[in-house]
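In what follows, a single structure is set out as structure tokens and then discussed.
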Amino acid sequence: MINPIKWIRLRRLVILILLVSPFIQTYAQDVPLHWTKKSAGVWAAEAGQPEKVNLTSVSQVTPKTEALTAMGDLSFPLSENEIKATIFDGKTYLQLPLEVGEQIFGLGLNFKTVEQRGKILRLHMDHYGGTDNGRSHAPVPFYVSSKGYGVFINSARYIDIWVGTAVSATSKVPMDARDRNTDKSWSAQPYSDNISVLIPAQGVEILVFGGPTPLDAVSRFNLFNGGGTLPPKWGLGFWHRTPTLYSDSLVLNEVKEFKQHQFPLSVIGLEPGWQSKSYPCTYEWDKGRFPNPAKFMAQLKDQGVQTNLWMNPYISPESELIKKLKPFTASHTVWNGFIPDYGLPQTNKIIGDHLKQHELDLGVSGFKMDENDGFDNWLWSDVTRFPSGIPAEQMRQLYGVMMQKMTTQLYREQNRRTYGLVRASNAGGSSYPYVIYNDYYSHRDFITALINSSFIGVLWTPEVRSSPTAEEWLRRMQTVCFSPLAMLNAWSDGTKPWSFPEVEKQVADVAKLRMQLIPYIYTCFAEYSFYGRPPMRAMNLLPGFYSAPEIVAGKLSSTDNPYAKATRKEIKDQFMVGDNLLIAPLFAGETERKVVLPKGRWYDFYTGQLAGEGEVIKVAPGLDKIPVYVRDGGIIPMYETPQLSLKSQEKRDLIIRFYGKKEAVYKLYDDDGETFDYEKGAYSWREIRVASAKDGKLKGSISKAEKTKPDNFASVKFQFMSE
Ligand code: GAL
């Protein structure tokens, strides 16, 4: 028997605990951050108890430590005591410092603005809906600062982030409250000295990347995520996707038409109609439209054309696959299709084996993985449960990366490189050979997305579908040819490159230029893979380039905006391809535009003439050509003649263009163009040097390809464009 006095004391104790426990739970706990070095210029710290499932645990890529070490070491780029973490209310609160004038880039695939300071975002996987609110195809929780460092929040949750908008009562900058009644300088956007982050989990890993430049910080982030992808050479040629219900003979006929029009073609994409059923999908060939897929693909291959197949994740109850797959699918369905749980090895094996047997082994070169992003009505809801136990929220953030990982692995097992399309990616996706696209068809915003993709380790294509006018058609074609994937997606409109006869020649010219530029573009991708440097990139990533956005005062209105919010004008319509080419697209309706030429001299790509020097120029180039500029000392290796299709093993003549007057050195990358043998050393970086000879004239030379290494050039010539 328990003694009654002890019993009363025990009861009191229990009551006391019950009374104080809500206060214990809600008491905010500041947690210490211990920074440890992960690699040269990369540090990590854990706040609280990070979740097991996060962005890097799923992508599972190995950091390129040697390349990181080669970039050199440096000291921690922020002041450690200004990074604060608190666990409260079941969530992690982070605060990171911001300096006056500091610019912040990245934080997902934004379409409207390049700089993110001043934004409030919820990083949430979705099909882009027309507003830069954090919902995007790649809600990568990484930002890079104009001060030359980067921060990565390694969480697969929906993350809220206040980018210089949350004003702390203990800010370093003294409070400056003004009277709106009388003070004209009152501002609706008071100064904030921090980036605040809210992660709905009781812990998170935070990574900091050193620079010293913003490009270095991005490169370190990419190298940490396994380095950028190196596509097969054919992936950099011209792509065409045929209408949904095309059959094998219609596709072959289309290929014939490309030949008749002397238009380049490297990859043919088949849309949903290659499958017996789609939305939900069978992943099985339609026997009526494609009675003999192996023969069909061999015919395409004979003509130097690769095949890419569309798919979405949702599996039809009528697919053979479902017999085995059913136990590894989610509690809910999408379009009445089962949702495979890629968090389980069984799912990857069952789908992987199927794709291998029915697609890869017949010759399919890659996939377009659609509908793994959103919109909310077209995806599983957050109440869906997955047998792996991964919550639906994390699944949504990770699904695209999981599909990329599975398919990349299949090709790797066959020692073949693939290149394809995906609508959802995230941190950890850089080394996977996929390019993001979407249905939001704004040409101008597509270019801003291309710029923004370079901050967050993903690739983006401003694909062409259709156009109301020949002018827009040509303008779109001109930009897509300078992007990671040059593609006409005619799935719905049945357009062809020559759909506007009045600009057929100009469209063909730019597609052929793309084919000629492959040695240069392939080298840009090798730099992405070996050194983490994005192939197409923002002007803001140019070392030493700083362009303060022009602040435009907002207008006050009693109905729409009582707070006169200021907006920023920034460079969001020109970009770099590698270190040497500056692309300044024009959009329909424009006859002239401004081009910001960074420091140094810049030359016109087509004529070699001086265009300007560290200044803003105004150009009116006409419709035929997209303005392209080359830096002084710019070396551009090109195929001498444009080929219509790409066979990796073919030896071709190389012409090395040189622009300007400045002596220069450039490294040209090459390998077999289609296997992973380069990872075992089967590649070369050939040195191209342009220097003044005794007579004062510039002369070019190229180092010999090493005997045991691939050499794909039959002859080499130099062309001095600015003489
Ligand atoms: C869309 C996709 C298009 C096309 C279409 C086919 O979701 O973005 O590119 O593939 O599906 O139904």
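Following the order of the structure tokens, chains are lettered A, B, ..., residues in each are numbered from 1, and ligands are numbered from 1.
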Check: Once you count only C-alpha atoms and all ligand atoms, which residues end up within 9 Å of ligand 1, and could you hand them over as a ChimeraX atom specification?
Finding: /A:241,243-244,270-273,278-279,310-312,368-371,423,437-440,465,489-492
Note to self: To test your reading of the structure, identify every residue in range 150-375 of chain A that backbone DSSP assigns to strand (DSSP E), and report it as a PyMOL selection string.
What the structure shows: chain A and resi 150-154+159-163+194-199+203-209+238-241+267-270+306-311+329-334+337-340+366-369
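Distances from A:Asp176, A:Asp653, A:Glu66, A:Asp216 to Gly150 in chain A were compared using only C-alpha atoms, and the smallest one belongs to A:Asp216.
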Next item on the list: Enumerate as a list in words all residues of range 523-683 of chain A assigned to helix (DSSP H, G or I) by DSSP on the backbone, naming them with the chain letters and numbers the document uses.
Entry: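 DSSP on the backbone gives helix (DSSP H, G or I) at Thr523, Cys524, Phe525, Ala526, Glu527, Tyr528, Ser529, Phe530, Tyr531, Met539, Asn540, Leu541, Asp677, Tyr678, Glu679 and Lys680 of chain A.
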What would the file look like if the residues just selected were written as a tab-separated table (two decimals), in the first residue's frame with C-alpha atoms?
chain	number	residue	atom	x	y	z
A	523	THR	CA	33.88	22.72	-73.16
A	524	CYS	CA	31.56	24.99	-71.12
A	525	PHE	CA	29.80	21.85	-69.85
A	526	ALA	CA	33.12	20.19	-69.07
A	527	GLU	CA	33.96	23.26	-66.96
A	528	TYR	CA	30.61	22.72	-65.20
A	529	SER	CA	31.42	19.09	-64.56
A	530	PHE	CA	35.10	19.44	-63.61
A	531	TYR	CA	35.07	22.86	-61.93
A	539	MET	CA	26.14	38.68	-65.63
A	540	ASN	CA	26.27	38.96	-61.83
A	541	LEU	CA	28.49	35.88	-61.79
A	677	ASP	CA	35.26	6.73	-69.76
A	678	TYR	CA	36.21	10.36	-69.16
A	679	GLU	CA	35.74	9.65	-65.46
A	680	LYS	CA	38.65	7.22	-65.78
Check: Using only C-alpha atoms, which of A:Val435, A:Met487, A:Leu668, A:Val204 sits nearest Ala705 in chain A?
Finding: A:Leu668
Please identify every residue of range 270-389 of chain A that has at least one atom no farther than 12 Å from an atom of range 51-61 of chain A, counting only C-alpha atoms, and for each give the shortest atom pair and the distance in Å to one decimal, arranged by chain then increasing number, as a tab-separated table.
residue	atom	partner	partner_atom	distance
A:Tyr342	CA	A:Val58	CA	10.1
A:Gly343	CA	A:Val58	CA	8.4
A:Leu344	CA	A:Val58	CA	11.2
A:Ser388	CA	A:Val53	CA	11.0
A:Gly389	CA	A:Val53	CA	10.2
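The environment of range 660-666 of chain A within 6 Å, counting only C-alpha atoms and disregarding residues fewer than 5 places along the same chain, consists of Asp632, Gly633, Glu687, Ile688, Arg689, Val690, Ala691 and Ser722 of chain A.
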Next item on the list: Tell me which protein, DNA and RNA residues are within 6 Å of range 596-611 of chain A, counting only C-alpha atoms, leaving out same-chain ones fewer than 5 positions away, and put them as an NGL selection string.
Entry: :A and (616 or 628-632 or 721-722)
List every residue of range 98-202 of chain A that has an atom at most 10 Å from any atom of range 86-89 of chain A, and for each one report the closest atom pair and its distance in Å to one decimal, counting only C-alpha atoms, with rows sorted by chain and then by increasing residue number, as a Markdown table.
| residue | atom | partner | partner_atom | distance |
| --- | --- | --- | --- | --- |
| A:Leu198 | CA | A:Thr86 | CA | 9.7 |
| A:Ile199 | CA | A:Ile87 | CA | 9.6 |
| A:Pro200 | CA | A:Asp89 | CA | 9.0 |
| A:Ala201 | CA | A:Ile87 | CA | 8.7 |
| A:Gln202 | CA | A:Ile87 | CA | 6.2 |
Item checked: Shortest interatomic distance to Lys572 in chain A - which of A:Asp376, A:Asp671, A:Glu115, A:Glu82, counting only C-alpha atoms -> A:Glu115
Margin query: I want to know what sits within 9 Å of Phe76 in chain A, based on only C-alpha atoms, with residues of the same chain fewer than 3 positions away left out; could you give that as an MDAnalysis selection string?
Written below: chainID A and resid 41:43 79:80 208:210
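Among A:Gln260, A:Asn81, A:Ser196, A:Asn308, the residue with the shortest atom-to-atom distance to Ile153 in chain A, counting only C-alpha atoms, is A:Ser196.
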Give one line per residue of range 120-231 of chain A that approaches range 498-522 of chain A to at most 12 Å, naming the two atoms of the closest pair and their distance in Å to one decimal, counting only C-alpha atoms; sort by chain then ascending residue number and deliver it as a Markdown table.
| residue | atom | partner | partner_atom | distance |
| --- | --- | --- | --- | --- |
| A:Thr229 | CA | A:Tyr522 | CA | 10.9 |
| A:Leu230 | CA | A:Tyr522 | CA | 7.9 |
| A:Pro231 | CA | A:Tyr522 | CA | 8.1 |
Next item on the list: Find the residues around Thr131 in chain A up to 10 Å (only C-alpha atoms counted), leave out those fewer than 4 positions away in its own chain, and share them as a list in words.
Entry: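 Result of the neighbour search: Asn110, Phe111, Lys112, Arg135 and Ser136 of chain A.
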Do you know which residues are at most 10 Å from Leu586 in chain A counting only C-alpha atoms, after dropping those on the same chain fewer than 6 positions away, and could you put them as a short mmCIF file (atom, residue, chain, number, x, y, z; two decimals) with N, CA, C and O atoms, in the first residue's frame?
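That gives us out-v3.cif:
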data_model
loop_
_atom_site.label_atom_id
_atom_site.label_comp_id
_atom_site.auth_asym_id
_atom_site.auth_seq_id
_atom_site.Cartn_x
_atom_site.Cartn_y
_atom_site.Cartn_z
N HIS A 443 8.51 34.43 -73.28
CA HIS A 443 9.88 34.45 -73.80
C HIS A 443 10.81 35.24 -72.89
O HIS A 443 11.89 34.79 -72.52
N ARG A 444 10.35 36.42 -72.52
CA ARG A 444 11.20 37.30 -71.69
C ARG A 444 11.51 36.61 -70.34
O ARG A 444 12.67 36.55 -69.92
N GLU A 472 8.45 36.71 -83.63
CA GLU A 472 8.62 36.07 -82.32
C GLU A 472 9.23 34.67 -82.47
O GLU A 472 10.06 34.25 -81.69
N LEU A 474 11.31 33.62 -84.70
CA LEU A 474 12.75 33.73 -84.91
C LEU A 474 13.46 34.15 -83.62
O LEU A 474 14.50 33.59 -83.26
N ARG A 475 12.90 35.11 -82.92
CA ARG A 475 13.54 35.58 -81.68
C ARG A 475 13.66 34.45 -80.66
O ARG A 475 14.65 34.32 -79.97
N ARG A 476 12.60 33.63 -80.57
CA ARG A 476 12.64 32.51 -79.64
C ARG A 476 13.69 31.48 -80.08
O ARG A 476 14.44 30.95 -79.27
N GLN A 478 16.31 32.03 -81.77
CA GLN A 478 17.65 32.57 -81.57
C GLN A 478 18.12 32.36 -80.13
O GLN A 478 19.29 32.07 -79.89
N THR A 479 17.21 32.51 -79.16
CA THR A 479 17.67 32.37 -77.77
C THR A 479 17.83 30.91 -77.39
O THR A 479 18.77 30.55 -76.68
N ASP A 573 18.03 40.33 -68.85
CA ASP A 573 17.78 39.97 -70.24
C ASP A 573 19.07 39.81 -71.04
O ASP A 573 19.06 39.93 -72.26
N GLN A 574 20.16 39.57 -70.40
CA GLN A 574 21.39 39.23 -71.12
C GLN A 574 22.19 38.27 -70.24
O GLN A 574 22.06 38.29 -69.01
N GLU A 592 15.52 47.68 -81.06
CA GLU A 592 16.82 48.00 -80.47
C GLU A 592 16.80 47.66 -78.99
O GLU A 592 15.74 47.45 -78.41
N ARG A 593 17.98 47.56 -78.41
CA ARG A 593 18.06 47.31 -76.97
C ARG A 593 19.38 47.84 -76.42
O ARG A 593 20.31 48.14 -77.16
N LYS A 594 19.41 47.91 -75.08
CA LYS A 594 20.65 48.31 -74.41
C LYS A 594 21.41 47.05 -74.06
O LYS A 594 20.80 46.05 -73.66
N ALA A 620 20.85 48.16 -82.61
CA ALA A 620 19.65 47.92 -83.44
C ALA A 620 20.07 46.92 -84.51
O ALA A 620 20.38 47.28 -85.64
N PRO A 621 20.14 45.64 -84.14
CA PRO A 621 20.81 44.67 -85.01
C PRO A 621 19.98 44.13 -86.17
O PRO A 621 20.50 43.33 -86.95
N GLY A 622 18.75 44.49 -86.30
CA GLY A 622 17.92 43.88 -87.34
C GLY A 622 17.42 42.53 -86.87
O GLY A 622 17.78 42.05 -85.79
N LEU A 623 16.57 41.91 -87.70
CA LEU A 623 15.90 40.69 -87.27
C LEU A 623 16.79 39.44 -87.43
O LEU A 623 16.64 38.46 -86.69
N LYS A 625 19.81 38.45 -86.83
CA LYS A 625 20.79 37.88 -85.89
C LYS A 625 20.52 38.30 -84.46
O LYS A 625 20.07 39.41 -84.21
N ILE A 626 20.85 37.42 -83.55
CA ILE A 626 20.79 37.74 -82.13
C ILE A 626 22.13 38.38 -81.76
O ILE A 626 23.19 37.87 -82.14
N PRO A 627 22.12 39.51 -81.06
CA PRO A 627 23.39 40.13 -80.70
C PRO A 627 24.23 39.23 -79.79
O PRO A 627 23.75 38.74 -78.77
#
Notebook entry, point to check: Rounded to one decimal in Å, what is the spacing between CA of Leu542 in chain A and CA of Asp579 in chain A?
Noted result: 8.1 Å
